[in-house]
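**Student:** CSV, C-alpha atoms, saved as final04.csv, coming up:
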chain,number,residue,atom,x,y,z
A,7,MET,CA,-92.0,-75.7,32.1
A,8,ARG,CA,-88.4,-76.9,32.6
A,9,TRP,CA,-87.4,-80.4,33.8
A,10,SER,CA,-84.1,-81.6,35.2
A,11,LEU,CA,-83.5,-85.3,34.5
A,12,THR,CA,-82.1,-87.3,37.4
A,13,ILE,CA,-81.8,-91.0,36.6
A,14,SER,CA,-81.6,-93.5,39.4
A,15,VAL,CA,-82.0,-97.2,38.4
A,16,ALA,CA,-82.7,-99.4,41.4
A,17,PHE,CA,-82.5,-103.1,41.4
A,18,ALA,CA,-84.4,-104.3,44.4
A,19,ALA,CA,-83.8,-108.1,44.7
A,20,VAL,CA,-85.6,-110.5,46.9
A,21,LEU,CA,-85.0,-109.4,50.5
A,22,SER,CA,-83.5,-111.9,52.9
A,23,CYS,CA,-85.3,-110.3,55.8
A,24,HIS,CA,-88.7,-111.4,54.4
A,25,SER,CA,-91.2,-112.0,57.2
A,26,VAL,CA,-93.4,-115.0,57.7
A,27,GLN,CA,-96.5,-113.0,58.3
A,28,ALA,CA,-99.5,-113.2,56.0
A,29,ALA,CA,-101.7,-110.7,54.1
A,30,GLU,CA,-105.5,-111.1,53.9
A,31,LEU,CA,-107.7,-111.6,50.8
A,32,ILE,CA,-111.4,-110.8,51.3
A,33,PRO,CA,-113.9,-112.3,48.8
A,34,VAL,CA,-116.3,-109.8,47.2
A,35,ALA,CA,-120.0,-111.0,47.3
A,36,PRO,CA,-121.2,-112.0,43.8
A,37,ILE,CA,-124.1,-110.4,42.1
A,38,ALA,CA,-126.9,-112.9,41.3
A,39,GLY,CA,-127.2,-113.6,37.6
A,40,SER,CA,-123.9,-112.0,36.7
A,41,THR,CA,-121.6,-113.7,34.2
A,42,PHE,CA,-118.5,-111.9,35.5
A,43,MET,CA,-117.8,-109.2,38.1
A,44,SER,CA,-115.0,-106.6,38.3
A,45,VAL,CA,-114.3,-104.4,41.4
A,46,TYR,CA,-112.4,-101.3,40.3
A,47,ASP,CA,-112.1,-99.2,43.4
A,48,VAL,CA,-112.6,-99.0,47.1
A,49,ASN,CA,-112.9,-95.9,49.2
A,50,ASP,CA,-112.1,-95.2,52.9
A,51,ASN,CA,-115.7,-96.1,53.9
A,52,ASN,CA,-115.0,-99.6,52.5
A,53,THR,CA,-117.5,-99.0,49.7
A,54,ILE,CA,-116.5,-100.6,46.4
A,55,ALA,CA,-117.4,-99.7,42.8
A,56,GLY,CA,-117.2,-101.6,39.6
A,57,TYR,CA,-119.3,-103.4,37.0
A,58,TYR,CA,-120.6,-106.8,36.1
A,59,GLY,CA,-121.8,-108.6,33.0
A,60,THR,CA,-125.1,-110.3,32.2
A,61,SER,CA,-126.0,-113.1,29.7
A,62,ASP,CA,-127.2,-110.6,27.1
A,63,GLY,CA,-123.7,-109.2,26.8
A,64,HIS,CA,-124.4,-106.0,28.7
A,65,GLN,CA,-122.4,-104.5,31.5
A,66,HIS,CA,-123.9,-102.7,34.5
A,67,ALA,CA,-122.3,-100.5,37.1
A,68,TYR,CA,-122.7,-101.1,40.8
A,69,PHE,CA,-121.4,-99.8,44.2
A,70,GLY,CA,-121.9,-100.8,47.9
A,71,PRO,CA,-120.2,-102.7,50.7
A,72,TRP,CA,-118.2,-105.7,49.4
A,73,SER,CA,-120.5,-108.0,51.3
A,74,GLY,CA,-123.5,-106.5,49.5
A,75,PRO,CA,-126.2,-105.5,48.9
A,76,TYR,CA,-125.2,-103.3,46.0
A,77,THR,CA,-126.8,-100.4,44.2
A,78,VAL,CA,-126.9,-100.9,40.4
A,79,PHE,CA,-127.1,-98.2,37.8
A,80,ASP,CA,-127.0,-97.8,34.0
A,81,PHE,CA,-126.2,-94.9,31.8
A,82,GLY,CA,-125.1,-96.4,28.5
A,83,SER,CA,-126.9,-98.4,26.0
A,84,THR,CA,-124.9,-101.7,26.4
A,85,TYR,CA,-122.3,-100.9,29.0
A,86,THR,CA,-121.8,-98.7,32.1
A,87,GLN,CA,-118.5,-99.1,34.0
A,88,ALA,CA,-117.9,-97.5,37.4
A,89,ARG,CA,-114.1,-97.1,37.7
A,90,GLY,CA,-113.6,-94.8,40.6
A,91,ILE,CA,-115.3,-93.8,43.9
A,92,ASN,CA,-114.4,-91.2,46.5
A,93,ASP,CA,-115.3,-91.0,50.2
A,94,ALA,CA,-118.3,-88.8,49.5
A,95,GLY,CA,-119.7,-91.3,47.0
A,96,TYR,CA,-119.0,-89.6,43.8
A,97,ILE,CA,-118.3,-92.1,41.0
A,98,THR,CA,-116.4,-91.8,37.8
A,99,GLY,CA,-116.6,-94.1,34.8
A,100,VAL,CA,-117.4,-94.6,31.2
A,101,ALA,CA,-120.5,-95.8,29.3
A,102,ASP,CA,-121.5,-96.2,25.7
A,103,VAL,CA,-123.8,-93.2,24.9
A,104,ASN,CA,-125.2,-93.5,21.3
A,105,GLY,CA,-122.5,-96.0,20.5
A,106,THR,CA,-119.6,-93.9,21.8
A,107,ARG,CA,-117.5,-94.4,24.9
A,108,THR,CA,-118.4,-91.4,27.0
A,109,GLN,CA,-117.0,-90.3,30.4
A,110,PHE,CA,-119.3,-89.5,33.3
A,111,GLU,CA,-119.5,-88.6,36.9
A,112,ARG,CA,-122.3,-89.8,39.2
A,113,SER,CA,-123.2,-87.8,42.3
A,114,PRO,CA,-124.4,-89.4,45.5
A,115,ASP,CA,-128.0,-88.3,44.7
A,116,GLY,CA,-127.9,-90.4,41.5
A,117,GLN,CA,-127.5,-87.6,39.0
A,118,ILE,CA,-125.1,-88.5,36.2
A,119,THR,CA,-123.2,-85.8,34.4
A,120,VAL,CA,-121.3,-86.2,31.1
A,121,ILE,CA,-117.7,-84.9,31.5
A,122,THR,CA,-117.1,-82.0,29.1
A,123,LYS,CA,-114.2,-79.9,27.8
A,124,ASP,CA,-114.9,-76.6,26.2
A,125,GLY,CA,-118.6,-77.6,26.3
A,126,ASN,CA,-118.1,-80.9,24.4
A,127,PRO,CA,-118.4,-84.4,25.8
A,128,ILE,CA,-115.1,-86.2,26.4
A,129,THR,CA,-115.3,-89.4,24.5
A,130,LEU,CA,-113.2,-92.4,23.4
A,131,GLU,CA,-110.8,-92.4,26.3
A,132,TYR,CA,-111.0,-93.5,30.0
A,133,LEU,CA,-111.8,-91.7,33.3
A,134,GLN,CA,-110.9,-93.3,36.6
A,135,GLY,CA,-109.5,-92.0,39.9
A,136,ILE,CA,-111.2,-89.4,42.0
A,137,ASN,CA,-110.1,-88.0,45.3
A,138,SER,CA,-112.0,-86.5,48.3
A,139,GLN,CA,-111.9,-83.0,46.8
A,140,GLY,CA,-113.6,-84.4,43.7
A,141,ILE,CA,-110.6,-84.0,41.4
A,142,PHE,CA,-110.4,-86.8,38.9
A,143,VAL,CA,-107.9,-87.9,36.2
A,144,GLY,CA,-108.3,-89.3,32.8
A,145,ASN,CA,-107.5,-89.0,29.1
A,146,TYR,CA,-109.0,-87.2,26.1
A,147,ARG,CA,-108.3,-86.7,22.4
A,148,ASP,CA,-107.3,-83.3,21.1
A,149,ALA,CA,-108.3,-81.7,17.8
A,150,ASN,CA,-105.5,-83.7,16.1
A,151,ASN,CA,-106.8,-87.0,17.6
A,152,ARG,CA,-103.8,-87.2,19.9
A,153,GLN,CA,-104.2,-88.7,23.3
A,154,LYS,CA,-103.8,-86.2,26.2
A,155,ALA,CA,-104.1,-86.6,30.0
A,156,TYR,CA,-106.1,-84.2,32.2
A,157,TYR,CA,-107.4,-83.2,35.6
A,158,GLY,CA,-111.1,-82.6,36.0
A,159,GLN,CA,-113.6,-81.6,38.7
A,160,ASP,CA,-117.4,-81.0,38.9
A,161,GLY,CA,-118.1,-82.7,35.6
A,162,GLN,CA,-115.6,-80.6,33.6
A,163,TYR,CA,-112.0,-80.6,32.3
A,164,LEU,CA,-109.7,-78.4,34.5
A,165,LYS,CA,-106.3,-78.6,32.9
A,166,ASP,CA,-103.8,-80.9,31.1
A,167,PHE,CA,-101.8,-83.4,33.1
A,168,THR,CA,-98.2,-83.7,31.9
A,169,LEU,CA,-95.2,-85.8,32.5
A,170,PRO,CA,-91.5,-84.8,31.9
A,171,ASN,CA,-90.3,-84.4,28.4
A,172,GLY,CA,-93.7,-85.0,26.9
A,173,SER,CA,-93.9,-88.6,28.1
A,174,PRO,CA,-97.3,-90.2,27.3
A,175,ALA,CA,-99.6,-90.6,30.3
A,176,GLN,CA,-102.6,-92.7,31.2
A,177,PRO,CA,-103.3,-91.4,34.8
A,178,ARG,CA,-105.5,-93.8,36.8
A,179,GLY,CA,-105.3,-92.9,40.5
A,180,ILE,CA,-105.1,-89.7,42.5
A,181,ASN,CA,-104.9,-89.2,46.3
A,182,ASP,CA,-105.9,-86.2,48.4
A,183,ALA,CA,-102.4,-84.8,48.2
A,184,GLY,CA,-102.6,-84.7,44.5
A,185,ASP,CA,-100.2,-87.5,43.9
A,186,VAL,CA,-101.0,-89.4,40.6
A,187,SER,CA,-100.4,-92.9,39.5
A,188,GLY,CA,-100.8,-94.5,36.0
A,189,SER,CA,-98.9,-95.8,33.1
A,190,SER,CA,-96.5,-94.3,30.5
A,191,GLY,CA,-95.4,-96.3,27.6
A,192,TYR,CA,-94.3,-99.7,29.0
A,193,SER,CA,-93.8,-98.4,32.5
A,194,GLY,CA,-95.9,-97.4,35.5
A,195,PHE,CA,-95.5,-93.9,36.9
A,196,ILE,CA,-96.0,-92.0,40.1
A,197,LEU,CA,-96.1,-88.2,40.1
A,198,LYS,CA,-95.5,-87.0,43.7
A,199,GLY,CA,-94.8,-83.4,44.3
A,200,ASP,CA,-92.1,-82.4,41.9
A,201,VAL,CA,-90.8,-85.9,41.2
A,202,ALA,CA,-92.0,-88.3,38.6
A,203,THR,CA,-91.0,-91.9,39.1
A,204,PHE,CA,-91.1,-94.4,36.3
A,205,VAL,CA,-91.1,-98.1,37.2
A,206,HIS,CA,-90.7,-101.2,35.2
A,207,ALA,CA,-90.6,-104.9,36.0
A,208,ILE,CA,-87.3,-106.6,35.4
A,209,THR,CA,-88.2,-109.8,33.6
A,210,SER,CA,-86.5,-112.3,31.3
A,211,ALA,CA,-88.7,-111.1,28.4
A,212,PRO,CA,-90.1,-107.6,27.7
A,213,SER,CA,-93.2,-106.7,29.7
A,214,PHE,CA,-95.7,-103.9,30.3
A,215,THR,CA,-96.2,-102.3,33.7
A,216,ALA,CA,-99.3,-100.3,34.8
A,217,PHE,CA,-100.1,-98.5,38.0
A,218,GLU,CA,-103.7,-97.9,39.1
A,219,GLY,CA,-104.4,-96.8,42.7
A,220,ILE,CA,-102.3,-94.9,45.2
A,221,ASN,CA,-102.5,-94.6,49.0
A,222,LYS,CA,-102.8,-91.4,51.0
A,223,LYS,CA,-99.1,-91.2,51.7
A,224,GLY,CA,-98.2,-91.8,48.0
A,225,ASN,CA,-95.6,-94.5,49.0
A,226,LEU,CA,-97.7,-97.5,47.9
A,227,VAL,CA,-99.4,-98.0,44.6
A,228,SER,CA,-101.4,-100.9,43.1
A,229,GLY,CA,-101.1,-102.2,39.6
A,230,TYR,CA,-100.0,-105.2,37.5
A,231,TRP,CA,-97.4,-106.2,34.9
A,232,ILE,CA,-98.2,-108.1,31.8
A,233,ASP,CA,-96.0,-110.4,29.7
A,234,VAL,CA,-95.3,-108.6,26.4
A,235,ASN,CA,-97.3,-111.2,24.5
A,236,PHE,CA,-100.2,-110.7,26.9
A,237,THR,CA,-100.3,-114.3,28.1
A,238,ARG,CA,-100.4,-113.5,31.8
A,239,GLU,CA,-101.3,-110.5,34.1
A,240,HIS,CA,-99.5,-110.3,37.5
A,241,PRO,CA,-101.2,-108.3,40.3
A,242,VAL,CA,-98.7,-106.3,42.4
A,243,LEU,CA,-98.2,-103.5,44.8
A,244,PHE,CA,-95.1,-101.2,44.4
A,245,ASP,CA,-93.4,-99.9,47.5
A,246,THR,CA,-91.6,-96.6,46.8
A,247,GLN,CA,-89.5,-97.0,50.0
A,248,LEU,CA,-88.2,-100.4,49.0
A,249,ASN,CA,-88.2,-99.7,45.3
A,250,ALA,CA,-89.7,-103.1,44.9
A,251,PHE,CA,-92.8,-104.9,43.6
A,252,MET,CA,-94.9,-106.8,46.1
A,253,PRO,CA,-96.7,-109.6,44.2
A,254,ILE,CA,-100.2,-110.4,45.3
A,255,GLU,CA,-100.9,-114.1,45.6
A,256,ILE,CA,-104.4,-115.2,44.7
A,257,PRO,CA,-104.9,-119.0,45.3
A,258,GLY,CA,-105.9,-120.8,42.1
A,259,SER,CA,-105.5,-117.7,39.9
A,260,ALA,CA,-103.4,-117.5,36.8
A,261,ASN,CA,-104.3,-113.9,35.9
A,262,GLY,CA,-105.1,-110.8,38.0
A,263,ALA,CA,-104.8,-107.1,38.4
A,264,ALA,CA,-104.6,-104.8,41.4
A,265,LEU,CA,-106.8,-101.8,40.7
A,266,GLY,CA,-108.1,-99.0,42.9
A,267,MET,CA,-106.7,-98.5,46.4
A,268,ASN,CA,-108.0,-96.6,49.4
A,269,GLY,CA,-106.1,-94.4,51.8
A,270,ALA,CA,-105.4,-97.2,54.2
A,271,GLY,CA,-103.9,-99.5,51.5
A,272,LEU,CA,-106.9,-101.8,50.9
A,273,VAL,CA,-106.9,-102.8,47.2
A,274,ALA,CA,-109.6,-103.8,44.7
A,275,VAL,CA,-108.3,-106.9,42.9
A,276,VAL,CA,-109.8,-108.7,39.9
A,277,SER,CA,-108.8,-112.2,38.8
A,278,ASP,CA,-109.8,-115.2,36.8
A,279,VAL,CA,-111.2,-116.7,40.0
A,280,GLY,CA,-113.3,-113.7,41.0
A,281,PRO,CA,-113.0,-110.2,42.6
A,282,PHE,CA,-111.4,-109.6,46.0
A,283,ILE,CA,-110.3,-106.9,48.5
A,284,TYR,CA,-106.6,-107.3,49.3
A,285,CYS,CA,-105.4,-106.2,52.7
A,286,PRO,CA,-101.6,-106.0,52.9
A,287,TYR,CA,-101.5,-106.5,56.7
A,288,PRO,CA,-101.5,-109.7,58.7
A,289,LYS,CA,-104.6,-110.7,60.5
A,290,SER,CA,-102.9,-110.2,63.9
A,291,SER,CA,-102.5,-106.5,63.1
A,292,ARG,CA,-106.3,-106.1,63.3
A,293,LYS,CA,-106.1,-103.7,60.4
A,294,CYS,CA,-107.9,-106.0,58.0
A,295,PRO,CA,-111.7,-106.4,57.7
A,296,ALA,CA,-113.2,-109.7,58.9
A,297,GLY,CA,-113.9,-112.6,56.6
A,298,GLY,CA,-110.5,-112.7,54.9
A,299,ILE,CA,-108.3,-115.7,54.2
A,300,ASP,CA,-104.6,-115.7,54.8
A,301,VAL,CA,-102.3,-115.5,51.7
A,302,PRO,CA,-98.5,-115.5,51.7
A,303,ASP,CA,-96.8,-112.3,52.6
A,304,PRO,CA,-95.4,-111.0,49.3
A,305,VAL,CA,-91.7,-111.5,48.6
A,306,PRO,CA,-90.3,-108.2,47.2
A,307,LEU,CA,-89.2,-108.4,43.6
A,308,ARG,CA,-86.7,-106.2,41.8
A,309,ALA,CA,-87.7,-103.2,39.8
A,310,ALA,CA,-86.1,-100.8,37.4
A,311,VAL,CA,-86.7,-97.3,38.8
A,312,ARG,CA,-86.1,-93.9,37.0
A,313,ARG,CA,-86.8,-90.6,38.7
A,314,VAL,CA,-87.2,-87.2,37.0
A,315,ARG,CA,-87.4,-84.0,39.1
A,316,ILE,CA,-89.2,-80.8,38.1
A,317,VAL,CA,-86.9,-77.9,38.9
A,318,ASP,CA,-89.0,-75.1,37.4
A,319,LYS,CA,-92.7,-74.9,36.5
Represent the structure from my file as structure tokens, please.

**Tutor:**
Amino acid sequence: MRWSLTISVAFAAVLSCHSVQAAELIPVAPIAGSTFMSVYDVNDNNTIAGYYGTSDGHQHAYFGPWSGPYTVFDFGSTYTQARGINDAGYITGVADVNGTRTQFERSPDGQITVITKDGNPITLEYLQGINSQGIFVGNYRDANNRQKAYYGQDGQYLKDFTLPNGSPAQPRGINDAGDVSGSSGYSGFILKGDVATFVHAITSAPSFTAFEGINKKGNLVSGYWIDVNFTREHPVLFDTQLNAFMPIEIPGSANGAALGMNGAGLVAVVSDVGPFIYCPYPKSSRKCPAGGIDVPDPVPLRAAVRRVRIVDK
């Protein structure tokens, strides 16, 4: 595989044409008896998936409409985390099986399959995004204990996922076009067609940027950036047309992350004041579900953007 490196660093500053419209933040109904609740993904049927904690320290997976009721399931001994859900209801995640983090896929009929490569369970690493064709992305460890990224389907590894020049990859989201989002080193990345885009927040101190979900057009991704000393997480969207971050304002929250995204751009958001669904459109657009509260329309923030084109596979 041959790559041609084309570097374009974009500094997208605050835009003077910023609108005065608002976005919408929809609260996710809590699960009775939970000590915390994370929503990791939302599909085009507005079904969410995630996990919650209980007083015994265990974590349980759930899915359902964000207003409830939810279906709860367990696979691991002490934790089961649902981290991705597609429109057909297939769920990907991880659970501790015999004390080892193990990747799984749950089918709509409730059957849970351990993800395998060469007949062996994929363990230790994470599995997350899954598209409507059932193709998912995650990581595994090779025979030399090196972290690798991969595509999978039907409970099995398909092939390695690679970025230019051997850049490390933690893929987290995949849309129906096969565009992939994730993190690489201290940057977020988007692989769209033959172009890999690496994005980093421009901050006064070093920081870490991670992308999670991706919309159907591949021009909007969800994620977060973290201060390098991990004192604060900032939930954001990244707009590939503006080359800019769009911060998500959560009233009363000091930390948060934007995780899975559906095709229409609705985003699963976690924070220190609870889980939400973020709708990036104003209420007047009638594109947002009912029950939301207005939050400030995001002010675009500058980003450092580097693109690498594949010229020969």

**Student:** Between CA of Ile283 in chain A and CA of Tyr96 in chain A, what is the spacing in Å?

**Tutor:** 19.9 Å

**Student:** Work out how far apart CA of Gly262 in chain A and CA of Tyr58 in chain A are and give it in Å to one decimal.

**Tutor:** 16.1 Å

**Student:** What does the distance from CA of Arg308 in chain A to CA of Phe217 in chain A come to in Å, to one decimal?

**Tutor:**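 Computing the Euclidean distance for CA of Arg308 in chain A and CA of Phe217 in chain A yields 15.9 Å.
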
**Student:** Considering all atoms listed in the file, give me a table of residues in range 13-95 of chain A that are at most 8 Å from range 128-149 of chain A, with the closest atom pair and distance in Å for each, as a Markdown table.

**Tutor:**
| residue | atom | partner | partner_atom | distance |
| --- | --- | --- | --- | --- |
| A:Arg89 | CA | A:Gln134 | CA | 5.1 |
| A:Gly90 | CA | A:Gly135 | CA | 5.0 |
| A:Ile91 | CA | A:Ile136 | CA | 6.3 |
| A:Asn92 | CA | A:Asn137 | CA | 5.5 |
| A:Asp93 | CA | A:Ser138 | CA | 5.9 |
| A:Ala94 | CA | A:Ser138 | CA | 6.8 |

**Student:** Output as lines of an AutoDock Vina configuration file the centre and edge lengths (Å, one decimal) of the box along x, y and z of the file that holds every listed atom of range 105-119 of chain A after adding 5 Å on each side.

**Tutor:**
center_x = -122.5
center_y = -90.9
center_z = 33.0
size_x = 21.0
size_y = 20.2
size_z = 35.0

**Student:** Between A:Gly271, A:Ser73, A:Gly297, A:Tyr68, which is the closest to Lys222 in chain A once you count only C-alpha atoms?

**Tutor:**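 Comparing A:Gly271, A:Ser73, A:Gly297, A:Tyr68 against Lys222 in chain A, the winner is A:Gly271.
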
**Student:** Got a minute to add N, CA and C atoms to range 162-176 of chain A and dump it as a PDB file, in the frame of the given file?

**Tutor:**
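Result file follows (out_19.pdb):
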ATOM      1  N   GLN A 162    -116.220 -81.387  34.696  1.00  0.00           N
ATOM      2  CA  GLN A 162    -115.600 -80.600  33.600  1.00  0.00           C
ATOM      3  C   GLN A 162    -114.037 -80.842  33.656  1.00  0.00           C
ATOM      4  N   TYR A 163    -113.438 -80.719  32.485  1.00  0.00           N
ATOM      5  CA  TYR A 163    -112.000 -80.600  32.300  1.00  0.00           C
ATOM      6  C   TYR A 163    -111.473 -79.410  33.078  1.00  0.00           C
ATOM      7  N   LEU A 164    -110.350 -79.576  33.823  1.00  0.00           N
ATOM      8  CA  LEU A 164    -109.700 -78.400  34.500  1.00  0.00           C
ATOM      9  C   LEU A 164    -108.468 -77.987  33.736  1.00  0.00           C
ATOM     10  N   LYS A 165    -107.523 -78.923  33.546  1.00  0.00           N
ATOM     11  CA  LYS A 165    -106.300 -78.600  32.900  1.00  0.00           C
ATOM     12  C   LYS A 165    -105.578 -79.877  32.464  1.00  0.00           C
ATOM     13  N   ASP A 166    -104.603 -79.739  31.587  1.00  0.00           N
ATOM     14  CA  ASP A 166    -103.800 -80.900  31.100  1.00  0.00           C
ATOM     15  C   ASP A 166    -102.965 -81.441  32.270  1.00  0.00           C
ATOM     16  N   PHE A 167    -102.771 -82.733  32.252  1.00  0.00           N
ATOM     17  CA  PHE A 167    -101.800 -83.400  33.100  1.00  0.00           C
ATOM     18  C   PHE A 167    -100.617 -83.774  32.254  1.00  0.00           C
ATOM     19  N   THR A 168     -99.409 -83.407  32.721  1.00  0.00           N
ATOM     20  CA  THR A 168     -98.200 -83.700  31.900  1.00  0.00           C
ATOM     21  C   THR A 168     -97.142 -84.375  32.711  1.00  0.00           C
ATOM     22  N   LEU A 169     -96.336 -85.144  32.003  1.00  0.00           N
ATOM     23  CA  LEU A 169     -95.200 -85.800  32.500  1.00  0.00           C
ATOM     24  C   LEU A 169     -93.920 -85.200  31.884  1.00  0.00           C
ATOM     25  N   PRO A 170     -92.736 -85.410  32.472  1.00  0.00           N
ATOM     26  CA  PRO A 170     -91.500 -84.800  31.900  1.00  0.00           C
ATOM     27  C   PRO A 170     -91.268 -85.191  30.469  1.00  0.00           C
ATOM     28  N   ASN A 171     -90.747 -84.227  29.740  1.00  0.00           N
ATOM     29  CA  ASN A 171     -90.300 -84.400  28.400  1.00  0.00           C
ATOM     30  C   ASN A 171     -91.385 -84.929  27.431  1.00  0.00           C
ATOM     31  N   GLY A 172     -92.632 -84.622  27.775  1.00  0.00           N
ATOM     32  CA  GLY A 172     -93.700 -85.000  26.900  1.00  0.00           C
ATOM     33  C   GLY A 172     -94.040 -86.500  26.928  1.00  0.00           C
ATOM     34  N   SER A 173     -93.595 -87.212  27.975  1.00  0.00           N
ATOM     35  CA  SER A 173     -93.900 -88.600  28.100  1.00  0.00           C
ATOM     36  C   SER A 173     -95.377 -88.891  28.046  1.00  0.00           C
ATOM     37  N   PRO A 174     -95.830 -89.939  27.347  1.00  0.00           N
ATOM     38  CA  PRO A 174     -97.300 -90.200  27.300  1.00  0.00           C
ATOM     39  C   PRO A 174     -97.761 -90.588  28.712  1.00  0.00           C
ATOM     40  N   ALA A 175     -99.015 -90.319  28.978  1.00  0.00           N
ATOM     41  CA  ALA A 175     -99.600 -90.600  30.300  1.00  0.00           C
ATOM     42  C   ALA A 175    -100.969 -91.091  30.228  1.00  0.00           C
ATOM     43  N   GLN A 176    -101.237 -92.169  30.965  1.00  0.00           N
ATOM     44  CA  GLN A 176    -102.600 -92.700  31.200  1.00  0.00           C
ATOM     45  C   GLN A 176    -102.802 -92.651  32.714  1.00  0.00           C
TER      46      GLN A 176
END
